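One file, entry.cif, is given below (mmCIF, C-alpha atoms).
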data_input
#
loop_
_atom_site.label_atom_id
_atom_site.label_comp_id
_atom_site.auth_asym_id
_atom_site.auth_seq_id
_atom_site.Cartn_x
_atom_site.Cartn_y
_atom_site.Cartn_z
CA MET A 1 8.55 -5.60 -46.51
CA GLN A 2 11.88 -5.21 -48.25
CA LEU A 3 13.52 -1.85 -47.86
CA SER A 4 15.67 -0.90 -50.80
CA CYS A 5 17.99 1.50 -49.01
CA LYS A 6 21.62 0.65 -48.45
CA TYR A 7 23.62 1.82 -45.47
CA GLN A 8 22.98 5.46 -44.69
CA TYR A 9 25.68 6.89 -42.49
CA MET A 10 24.99 10.01 -40.46
CA THR A 11 26.90 12.99 -41.80
CA PRO A 12 28.91 15.05 -39.30
CA ARG A 13 26.43 17.93 -39.65
CA ALA A 14 23.47 15.63 -38.96
CA ALA A 15 25.29 14.19 -35.97
CA VAL A 16 25.84 17.71 -34.58
CA TYR A 17 22.14 18.56 -35.04
CA PHE A 18 21.19 15.31 -33.35
CA LEU A 19 23.41 16.10 -30.36
CA ILE A 20 22.05 19.64 -30.12
CA ILE A 21 18.51 18.29 -30.00
CA LEU A 22 19.48 15.84 -27.29
CA LEU A 23 21.33 18.37 -25.21
CA SER A 24 18.69 21.06 -25.56
CA ALA A 25 16.13 18.93 -23.78
CA THR A 26 15.32 19.95 -20.24
CA PHE A 27 17.54 18.74 -17.44
CA SER A 28 17.48 15.65 -15.37
CA SER A 29 16.02 12.29 -14.69
CA ALA A 30 13.51 9.60 -13.91
CA GLN A 31 16.02 6.82 -13.17
CA GLU A 32 15.81 4.58 -16.21
CA SER A 33 16.98 1.00 -16.02
CA PRO A 34 20.32 0.54 -17.81
CA TYR A 35 19.52 -3.00 -18.92
CA PHE A 36 18.98 -4.09 -22.52
CA VAL A 37 18.04 -7.73 -22.03
CA THR A 38 17.14 -8.12 -18.38
CA TYR A 39 13.96 -6.69 -16.90
CA ASP A 40 13.58 -5.40 -13.38
CA HIS A 41 10.34 -4.96 -11.43
CA HIS A 42 9.93 -1.25 -12.08
CA MET A 43 6.95 -0.69 -14.30
CA GLU A 44 6.16 2.24 -16.55
CA GLU A 45 4.21 4.87 -14.67
CA PRO A 46 0.48 4.69 -15.47
CA GLY A 47 -0.57 6.80 -18.41
CA ASN A 48 3.01 7.44 -19.57
CA LEU A 49 4.30 6.38 -22.94
CA GLU A 50 7.99 5.75 -23.41
CA VAL A 51 9.22 5.75 -26.99
CA GLU A 52 12.57 4.06 -27.34
CA THR A 53 14.82 3.40 -30.26
CA PHE A 54 17.49 0.80 -29.66
CA SER A 55 19.98 -0.91 -31.91
CA THR A 56 22.13 -3.98 -31.79
CA VAL A 57 25.30 -4.08 -33.85
CA GLY A 58 26.73 -7.58 -34.02
CA VAL A 59 30.20 -8.61 -35.09
CA PRO A 60 30.27 -12.37 -35.66
CA ARG A 61 33.50 -14.27 -35.00
CA SER A 62 34.08 -15.45 -38.53
CA GLY A 63 32.29 -16.04 -41.79
CA PRO A 64 29.03 -14.14 -41.46
CA ARG A 65 29.17 -10.38 -41.84
CA ALA A 66 28.46 -7.65 -39.33
CA TYR A 67 24.85 -6.58 -38.98
CA PHE A 68 22.85 -3.67 -37.61
CA ALA A 69 19.48 -4.48 -36.03
CA PRO A 70 17.45 -1.45 -34.90
CA TYR A 71 14.10 -1.58 -33.15
CA VAL A 72 11.52 0.87 -31.91
CA GLU A 73 9.82 0.14 -28.64
CA MET A 74 6.69 1.84 -27.33
CA GLU A 75 6.15 1.16 -23.67
CA TYR A 76 2.90 2.21 -22.05
CA GLY A 77 1.92 2.10 -18.39
CA VAL A 78 -1.61 0.75 -18.52
CA THR A 79 -1.83 0.65 -14.73
CA ALA A 80 0.76 0.84 -11.96
CA LYS A 81 1.03 -2.97 -12.14
CA TRP A 82 0.68 -3.56 -15.87
CA THR A 83 2.98 -2.36 -18.62
CA SER A 84 2.44 -3.08 -22.28
CA GLU A 85 4.97 -2.71 -25.10
CA LEU A 86 4.96 -2.82 -28.85
CA TYR A 87 8.13 -3.44 -30.86
CA LEU A 88 8.87 -2.90 -34.51
CA GLU A 89 12.20 -4.28 -35.65
CA ALA A 90 14.45 -4.45 -38.69
CA GLN A 91 17.88 -5.68 -39.67
CA SER A 92 20.61 -4.75 -42.11
CA THR A 93 23.56 -6.97 -42.88
CA HIS A 94 26.74 -5.57 -44.40
CA GLY A 95 26.90 -6.52 -48.05
CA ASP A 96 23.45 -8.06 -47.91
CA SER A 97 20.10 -6.28 -47.58
CA THR A 98 17.94 -4.35 -45.15
CA VAL A 99 14.72 -6.04 -44.10
CA PHE A 100 11.79 -5.45 -41.78
CA THR A 101 11.86 -8.43 -39.44
CA GLY A 102 8.55 -8.15 -37.62
CA TRP A 103 6.78 -6.96 -34.51
CA ARG A 104 6.21 -8.01 -30.94
CA LEU A 105 3.55 -7.23 -28.36
CA GLU A 106 4.62 -7.70 -24.78
CA ASN A 107 2.86 -7.43 -21.45
CA ARG A 108 4.39 -7.35 -18.00
CA TYR A 109 2.34 -7.74 -14.86
CA ARG A 110 3.51 -7.25 -11.33
CA PRO A 111 1.29 -9.40 -9.10
CA LEU A 112 2.39 -8.09 -5.70
CA SER A 113 1.42 -4.61 -4.60
CA ARG A 114 4.23 -3.95 -2.15
CA GLU A 115 8.01 -4.00 -2.33
CA HIS A 116 9.46 -7.30 -1.18
CA TRP A 117 12.89 -8.83 -0.83
CA ILE A 118 12.28 -10.44 -4.23
CA ASN A 119 9.69 -8.91 -6.54
CA PRO A 120 8.29 -11.20 -9.22
CA VAL A 121 6.96 -9.95 -12.53
CA LEU A 122 5.11 -12.10 -15.06
CA TYR A 123 5.80 -11.53 -18.72
CA LEU A 124 3.98 -12.66 -21.84
CA GLU A 125 4.93 -11.73 -25.39
CA TYR A 126 3.60 -12.56 -28.82
CA GLU A 127 6.11 -12.30 -31.66
CA ASN A 128 5.36 -12.13 -35.36
CA LEU A 129 8.85 -12.27 -36.81
CA ASN A 130 10.83 -13.73 -39.64
CA GLU A 131 14.02 -15.70 -39.27
CA ALA A 132 16.16 -12.68 -40.16
CA SER A 133 15.43 -11.10 -36.75
CA ARG A 134 18.67 -10.23 -34.96
CA ILE A 135 17.84 -7.63 -32.34
CA GLN A 136 18.46 -10.28 -29.67
CA LYS A 137 16.23 -8.60 -27.12
CA GLU A 138 16.48 -11.98 -25.52
CA ILE A 139 18.57 -14.98 -26.44
CA VAL A 140 16.85 -18.34 -26.35
CA GLY A 141 17.80 -21.76 -27.62
CA SER A 142 20.96 -21.51 -29.69
CA GLY A 143 20.38 -17.88 -30.68
CA PRO A 144 19.51 -16.40 -34.09
CA GLU A 145 20.65 -17.70 -37.46
CA PHE A 146 23.66 -15.81 -38.87
CA ALA A 147 24.97 -17.98 -41.68
CA GLU A 148 22.10 -17.66 -44.17
CA PRO A 149 21.50 -14.54 -46.29
CA ASN A 150 18.48 -12.37 -45.60
CA SER A 151 16.81 -13.47 -48.82
CA GLU A 152 16.57 -17.01 -47.45
CA LEU A 153 15.68 -16.07 -43.90
CA ARG A 154 13.05 -13.42 -44.58
CA PRO A 155 10.34 -15.66 -46.13
CA THR A 156 10.29 -17.93 -43.08
CA ARG A 157 7.85 -16.38 -40.65
CA ALA A 158 7.53 -17.40 -37.04
CA HIS A 159 4.62 -16.87 -34.69
CA GLU A 160 6.08 -17.21 -31.25
CA LEU A 161 4.89 -17.02 -27.68
CA GLU A 162 7.39 -16.06 -25.05
CA THR A 163 7.07 -16.03 -21.29
CA LYS A 164 9.50 -14.85 -18.68
CA LEU A 165 9.69 -15.04 -14.95
CA ILE A 166 11.36 -11.85 -13.76
CA LEU A 167 12.74 -11.67 -10.24
CA SER A 168 14.11 -8.35 -9.10
CA SER A 169 15.40 -6.93 -5.84
CA ASN A 170 16.51 -3.55 -4.60
CA THR A 171 19.02 -3.55 -1.82
CA HIS A 172 21.26 -0.72 -0.64
CA ASP A 173 20.67 1.18 -3.90
CA TRP A 174 21.70 -1.84 -5.96
CA ASN A 175 19.24 -3.52 -8.26
CA LEU A 176 19.64 -7.25 -8.84
CA ALA A 177 17.47 -8.86 -11.49
CA GLU A 178 17.13 -12.27 -13.07
CA THR A 179 14.94 -13.50 -15.87
CA PHE A 180 14.23 -17.01 -17.05
CA THR A 181 12.74 -17.19 -20.54
CA VAL A 182 10.68 -19.88 -22.24
CA GLU A 183 9.77 -19.46 -25.90
CA LYS A 184 7.58 -21.58 -28.14
CA ASN A 185 7.56 -21.27 -31.91
CA LEU A 186 3.94 -21.86 -32.89
CA SER A 187 4.83 -22.15 -36.57
CA GLN A 188 7.29 -25.02 -36.30
CA ASN A 189 7.83 -27.97 -34.05
CA GLU A 190 11.02 -26.85 -32.34
CA GLY A 191 10.01 -27.72 -28.81
CA PHE A 192 10.38 -25.10 -26.11
CA GLU A 193 13.47 -22.91 -26.12
CA PHE A 194 15.06 -21.48 -22.99
CA GLY A 195 17.16 -18.49 -22.08
CA TYR A 196 18.38 -16.60 -19.04
CA SER A 197 19.80 -13.30 -17.93
CA PHE A 198 21.23 -11.88 -14.73
CA ALA A 199 21.99 -8.25 -14.10
CA PHE A 200 22.97 -5.77 -11.46
CA SER A 201 23.20 -2.01 -11.50
CA ARG A 202 23.52 0.99 -9.27
CA PRO A 203 23.17 4.74 -9.71
CA LEU A 204 26.53 6.48 -9.52
CA GLY A 205 25.12 9.13 -7.22
CA THR A 206 22.44 8.49 -4.59
CA LEU A 207 21.84 12.04 -3.36
CA ALA A 208 20.21 14.54 -5.72
CA SER A 209 21.89 17.89 -5.99
CA GLY A 210 19.72 20.96 -5.73
CA LYS A 211 20.94 22.43 -8.97
CA GLN A 212 20.08 21.42 -12.49
CA CYS A 213 23.00 19.52 -13.90
CA ARG A 214 23.55 17.26 -16.85
CA PHE A 215 26.77 15.54 -15.90
CA CYS A 216 26.04 14.96 -12.19
CA ARG A 217 26.75 11.43 -10.99
CA GLU A 218 23.08 11.07 -10.03
CA ASN A 219 22.22 11.09 -13.75
CA PHE A 220 24.22 7.95 -14.45
CA ALA A 221 23.61 4.33 -13.56
CA ALA A 222 25.93 1.49 -14.43
CA GLY A 223 26.12 -2.25 -14.03
CA ALA A 224 26.46 -5.45 -16.01
CA GLU A 225 24.34 -8.10 -17.66
CA PHE A 226 25.09 -11.75 -18.22
CA TYR A 227 22.77 -13.48 -20.67
CA GLY A 228 22.52 -16.39 -23.06
CA GLY A 229 20.64 -19.37 -24.41
CA LEU A 230 19.93 -22.61 -22.62
CA GLY A 231 18.95 -24.78 -25.57
CA SER A 232 15.57 -26.35 -25.87
CA THR A 233 13.57 -29.38 -24.85
CA ASN A 234 15.55 -31.17 -27.58
CA GLY A 235 18.78 -30.43 -25.73
CA PHE A 236 18.91 -28.34 -22.57
CA GLY A 237 22.09 -26.80 -21.19
CA VAL A 238 24.67 -24.07 -21.45
CA ARG A 239 27.00 -25.89 -23.85
CA GLY A 240 26.67 -25.14 -27.52
CA ASN A 241 24.64 -21.99 -26.92
CA PRO A 242 25.71 -18.33 -27.00
CA HIS A 243 26.54 -16.45 -23.80
CA TYR A 244 27.45 -12.80 -23.28
CA LEU A 245 28.84 -10.58 -20.58
CA ALA A 246 27.83 -6.96 -21.09
CA PRO A 247 28.61 -3.86 -19.04
CA VAL A 248 25.71 -1.41 -19.19
CA ILE A 249 25.39 2.31 -18.60
CA VAL A 250 22.51 4.77 -18.84
CA TRP A 251 22.76 8.53 -18.85
CA GLN A 252 19.67 10.58 -18.06
CA ILE A 253 20.23 13.50 -20.36
CA SER A 254 16.99 15.24 -19.54
CA ASP A 255 13.86 15.05 -17.45
CA ASN A 256 12.37 12.48 -19.78
CA ALA A 257 15.16 11.31 -22.06
CA SER A 258 18.05 8.93 -21.64
CA LEU A 259 20.91 7.39 -23.58
CA HIS A 260 21.82 3.74 -23.12
CA PHE A 261 24.99 1.89 -24.09
CA SER A 262 26.27 -1.63 -23.65
CA PRO A 263 29.14 -3.48 -25.27
CA GLY A 264 28.45 -7.20 -24.93
CA PHE A 265 31.31 -9.65 -25.21
CA GLY A 266 30.73 -13.16 -26.49
CA LEU A 267 31.98 -15.79 -24.08
CA ASN A 268 32.19 -18.80 -26.37
CA HIS A 269 32.42 -19.78 -30.04
CA GLU A 270 28.66 -19.85 -30.44
CA SER A 271 28.49 -16.16 -29.50
CA ASN A 272 29.19 -13.14 -31.66
CA ARG A 273 32.57 -11.62 -30.93
CA VAL A 274 30.85 -8.49 -29.69
CA LEU A 275 27.34 -7.05 -29.52
CA PHE A 276 27.22 -3.27 -29.30
CA ARG A 277 23.88 -2.09 -28.04
CA PHE A 278 22.85 1.53 -27.81
CA GLY A 279 19.59 3.41 -27.57
CA TYR A 280 17.67 6.55 -26.82
CA SER A 281 14.42 6.69 -24.90
CA TYR A 282 11.94 9.52 -24.47
CA GLU A 283 9.05 9.51 -22.06
CA ILE A 284 5.78 11.27 -22.85
CA ARG A 285 4.03 11.93 -19.58
CA GLY A 286 0.26 11.88 -19.37
CA PHE A 287 -0.03 10.30 -22.81
CA GLY A 288 -3.01 8.17 -21.80
CA SER A 289 -5.11 11.09 -20.55
CA ARG A 290 -4.22 13.15 -23.64
CA MET A 291 -5.31 10.34 -25.91
CA ALA A 292 -8.47 9.77 -23.90
CA ARG A 293 -9.38 13.47 -24.21
CA LEU A 294 -8.66 13.34 -27.91
CA PHE A 295 -11.25 10.58 -28.21
CA GLY A 296 -13.84 12.46 -26.19
CA ALA A 297 -13.36 11.14 -22.66
CA LYS A 298 -14.36 13.60 -19.93
CA LEU A 299 -11.57 13.75 -17.40
CA MET B 1 0.88 1.35 -43.05
CA ARG B 2 -0.73 -1.69 -41.49
CA ALA B 3 1.92 -1.67 -38.77
CA ALA B 4 1.24 2.02 -38.07
CA PHE B 5 -2.48 1.33 -37.78
CA THR B 6 -1.78 -1.56 -35.41
CA VAL B 7 0.37 0.73 -33.27
CA LEU B 8 -2.34 3.39 -33.10
CA LEU B 9 -5.02 0.84 -32.28
CA CYS B 10 -2.96 -0.66 -29.47
CA LEU B 11 -2.18 2.71 -27.93
CA VAL B 12 -5.78 3.89 -28.06
CA SER B 13 -7.13 0.68 -26.58
CA MET B 14 -4.55 0.76 -23.81
CA SER B 15 -5.30 4.38 -22.92
CA ILE B 16 -9.03 3.70 -22.71
CA ALA B 17 -8.33 0.78 -20.39
CA GLN B 18 -7.18 3.15 -17.66
CA ASN B 19 -9.24 3.71 -14.52
CA TYR B 20 -9.42 7.36 -13.61
CA GLU B 21 -11.59 6.85 -10.53
CA TYR B 22 -9.78 7.66 -7.30
CA LYS B 23 -10.91 6.98 -3.79
CA PRO B 24 -8.66 7.26 -0.75
CA ASP B 25 -7.58 3.81 0.34
CA PRO B 26 -8.01 3.22 4.08
CA ASN B 27 -6.03 0.01 3.74
CA TRP B 28 -2.88 1.77 2.55
CA ARG B 29 -1.07 1.59 5.85
CA ALA B 30 2.61 1.40 6.57
CA PRO B 31 3.79 -1.43 8.84
CA ASP B 32 4.87 -0.55 12.37
CA SER B 33 8.52 -1.02 11.45
CA ALA B 34 8.24 1.77 8.88
CA VAL B 35 6.27 4.25 11.00
CA SER B 36 9.09 5.17 13.35
CA ARG B 37 11.92 5.24 10.82
CA PRO B 38 13.70 8.57 11.15
CA ASN B 39 14.74 10.58 8.12
CA PRO B 40 18.54 10.24 7.90
CA LEU B 41 18.62 13.65 6.20
CA ALA B 42 16.59 15.42 8.88
CA SER B 43 19.65 17.32 10.03
CA ARG B 44 20.68 18.23 6.49
CA PRO B 45 18.29 20.91 5.23
CA GLU B 46 20.70 21.59 2.37
CA ALA B 47 19.34 18.36 0.82
CA THR B 48 15.84 19.88 0.49
CA PRO B 49 16.41 21.60 -2.89
CA GLY B 50 17.39 18.20 -4.28
CA GLY B 51 14.12 16.87 -2.92
CA LYS B 52 12.25 19.65 -4.67
CA LYS B 53 13.97 18.79 -7.92
CA LEU B 54 13.01 15.14 -7.51
CA PHE B 55 9.44 16.09 -6.64
CA LEU B 56 9.12 18.25 -9.76
CA ARG B 57 10.55 15.41 -11.81
CA ASN B 58 8.57 12.50 -10.47
CA CYS B 59 5.48 13.71 -8.62
CA VAL B 60 4.18 16.83 -10.37
CA GLU B 61 2.34 14.88 -13.04
CA CYS B 62 -0.23 13.77 -10.45
CA HIS B 63 0.29 15.93 -7.38
CA GLY B 64 0.85 19.28 -9.11
CA GLN B 65 3.55 21.91 -8.70
CA GLU B 66 2.32 22.88 -5.23
CA GLY B 67 1.53 19.35 -4.14
CA THR B 68 -2.17 20.11 -3.95
CA GLY B 69 -3.09 17.17 -6.17
CA VAL B 70 -4.30 17.26 -9.74
CA VAL B 71 -8.06 16.77 -9.51
CA LYS B 72 -8.40 14.89 -12.76
CA LYS B 73 -5.65 12.52 -11.61
CA HIS B 74 -7.53 11.87 -8.35
CA ALA B 75 -4.24 12.43 -6.58
CA ALA B 76 -3.91 13.30 -2.91
CA ASP B 77 -3.47 16.88 -1.71
CA LEU B 78 -0.10 16.68 0.03
CA GLN B 79 -0.73 19.89 1.99
CA LEU B 80 -3.61 18.40 3.96
CA PRO B 81 -3.18 17.50 7.63
CA ALA B 82 -4.06 13.92 6.75
CA VAL B 83 -0.77 13.79 4.86
CA GLN B 84 1.41 16.23 6.77
CA GLN B 85 0.62 14.61 10.13
CA GLN B 86 2.05 11.31 8.94
CA THR B 87 5.56 10.50 10.12
CA ASP B 88 8.57 10.73 7.84
CA GLY B 89 8.78 6.95 7.93
CA ILE B 90 5.21 6.54 6.69
CA LEU B 91 5.73 8.99 3.82
CA PHE B 92 8.96 7.24 2.88
CA TRP B 93 7.19 3.88 2.93
CA LYS B 94 4.36 5.19 0.75
CA ILE B 95 6.77 6.68 -1.79
CA THR B 96 8.74 3.44 -1.83
CA ASN B 97 5.84 1.04 -2.19
CA GLY B 98 3.24 3.15 -3.92
CA ASN B 99 -0.33 1.93 -3.98
CA PRO B 100 -0.52 0.24 -7.39
CA ASP B 101 -4.11 -0.88 -6.93
CA ARG B 102 -5.11 2.79 -6.70
CA GLY B 103 -2.78 4.16 -9.37
CA MET B 104 0.13 5.38 -7.24
CA PRO B 105 3.27 3.76 -8.65
CA SER B 106 6.19 2.57 -6.56
CA PHE B 107 9.25 4.82 -6.64
CA SER B 108 11.64 2.20 -5.32
CA LYS B 109 13.68 2.81 -8.46
CA LEU B 110 14.95 5.96 -6.78
CA PRO B 111 17.84 5.48 -4.35
CA ASP B 112 16.89 5.51 -0.66
CA LEU B 113 18.42 8.91 0.00
CA GLN B 114 16.53 10.49 -2.87
CA ARG B 115 13.23 9.22 -1.48
CA TRP B 116 14.17 10.72 1.88
CA GLN B 117 14.94 13.96 0.06
CA ILE B 118 11.41 13.99 -1.31
CA VAL B 119 10.09 13.55 2.25
CA LEU B 120 12.23 16.51 3.31
CA PHE B 121 10.68 18.60 0.57
CA LEU B 122 7.13 17.53 1.44
CA ARG B 123 7.69 19.03 4.89
CA THR B 124 8.27 22.42 3.29
CA LEU B 125 4.86 22.49 1.61
CA PRO B 126 2.33 24.93 3.07
CA PHE B 127 0.21 23.27 5.74
CA GLN B 128 -3.54 23.47 5.13
CA SER B 129 -5.63 23.28 8.26
CA SER B 130 -8.80 22.24 6.43
CA GLY B 131 -10.35 21.68 3.03
CA SER B 132 -9.84 18.98 0.51
CA LYS B 133 -9.70 18.36 -3.17
#

Once more with this new file: its structure as structure tokens, please.
Amino acid sequence: MQLSCKYQYMTPRAAVYFLIILLSATFSSAQESPYFVTYDHHMEEPGNLEVETFSTVGVPRSGPRAYFAPYVEMEYGVTAKWTSELYLEAQSTHGDSTVFTGWRLENRYRPLSREHWINPVLYLEYENLNEASRIQKEIVGSGPEFAEPNSELRPTRAHELETKLILSSNTHDWNLAETFTVEKNLSQNEGFEFGYSFAFSRPLGTLASGKQCRFCRENFAAGAEFYGGLGSTNGFGVRGNPHYLAPVIVWQISDNASLHFSPGFGLNHESNRVLFRFGYSYEIRGFGSRMARLFGAKL
Amino acid sequence: MRAAFTVLLCLVSMSIAQNYEYKPDPNWRAPDSAVSRPNPLASRPEATPGGKKLFLRNCVECHGQEGTGVVKKHAADLQLPAVQQQTDGILFWKITNGNPDRGMPSFSKLPDLQRWQIVLFLRTLPFQSSGSK
């Protein structure tokens, strides 16, 4: 699906309205993870739907032009141990075009019922994308293709299966999380591609104040992510693949909404110079029961 | 349009997949090491309002404003002796670990002190001598 629009910048008035809407939401938080790439072991609460809109703005080192890759993510807590997500993504390159790049369906399952020193989560995702995809929700192999124009990348579709092993720990209010990613392109014989990420974060305030406040430290969490590609079965390793170091911060602006921001810095020549990531998420509580009632279930 | 239909289909199928049946789980027991853990905020009643705020934020969806449990969510009545007679350490352990097999999520994403604040608040709920949901 080719979208014909060019860049649409937000006018100052629209930006003010947007901020008013954000700030008029009710106060305080549900402790969202600040990570963009790494997953931790905290699942979506059962029956809740989290609608998230995230964007990646990439500034390549030379040659290729800057791009803007937004995506919408709908995360649903099927059970307390199983979270399912649907992604719709697009991409716009400066001086090129804006294209819809595909969709993904992801499932995360937490096999252990109790908190442990290390909490594993199993992850399986199906991706129906084209080669113009640049959201870089994960980086595998040697990363996405930047040199070709969208018109050449868009016709090449890829059906991909991706699995991750997520290991996450909570200790002394810190969260430490690691993911190891394996991806297989079912449309082409590229072998298996690999990626990794490590992350840590901590809330800035650990005691909740009794008053409603928007700028309290308890509403912020910060940390850092380190992620990149590890090549493929045709050539495994860290060399020749992109790697990023990215501070992350999340601000719970209301009871069910949060703002996320992360500037990621490329660590080698294969990386973009910088990846700015930002997003807004909104949680709809009790979505599952509302939908079930809508379809006639007696609850 | 096709993508929108796919989204709707996925969401509907996922919501129908939920299990709304709730039965108290006799196997949901805290280990001995957790039972005797004291609440580090026990001597700080000024932390209770923060616990109330956290409760309203995280627990009301299933346990209700008064903690009596939302019937259709099959959630426990937190005012019952069966809950209130549990030690602070047990309540903290249950909030931390949840009981995912029975629909209670883990709240380990909250900092330790905030979970203890919720325990503080639970102690302020009216104590019911009998009755159940």

Write out as a list in words every residue belonging to chain B that has an atom at most 6 Å from any atom of chain A, counting all atoms listed in the file.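 The complete set of qualifying residues is Ser15, Pro49, Gly50, Lys72, Asn97, Pro100, Gly103, Pro105, Pro111, Leu113 and Gln114 of chain B.
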
Explicit residue set for the PyMOL selection byres ((chain A and resi 94) around 7), as a PyMOL selection string: chain A and resi 65-67+92-93+95-96

d(atom CA of A:Thr53, atom CA of A:Gly264) in Å: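 Atom-to-atom, atom CA of A:Thr53 to atom CA of A:Gly264, that is 18.1 Å.
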
Might you pull out every residue within 10 Å of B:Glu66, with only C-alpha atoms counted and same-chain residues fewer than 4 positions away left off, and present them as an MDAnalysis selection string? chainID B and resid 55:56 60 70 77:79 122 125:126

Neighbours of point (11.6, -6.0, -34.9) within 9 Å, using all atoms listed in the file, written as an MDAnalysis selection string: chainID A and resid 69:73 87:91 100:104 127:129 133:135

Using atom CA of A:Leu153 and atom CA of A:Ala246 as the two end points, give the distance in Å to one decimal.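 So the two atoms, atom CA of A:Leu153 and atom CA of A:Ala246, lie 27.4 Å apart.
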
Considering only C-alpha atoms, return as number ranges by chain whatever protein or nucleic-acid residues lie within 8 Å of B:Gly89, sequence-local ones (same chain, fewer than 6 positions apart) excluded. B: 34-39

Quick check on the file I pasted: which residues fall under the PyMOL selection byres ((chain B and resi 69) around 12)? Write them as a PyMOL selection string. chain B and resi 22+59-68+70-80+83+132-133
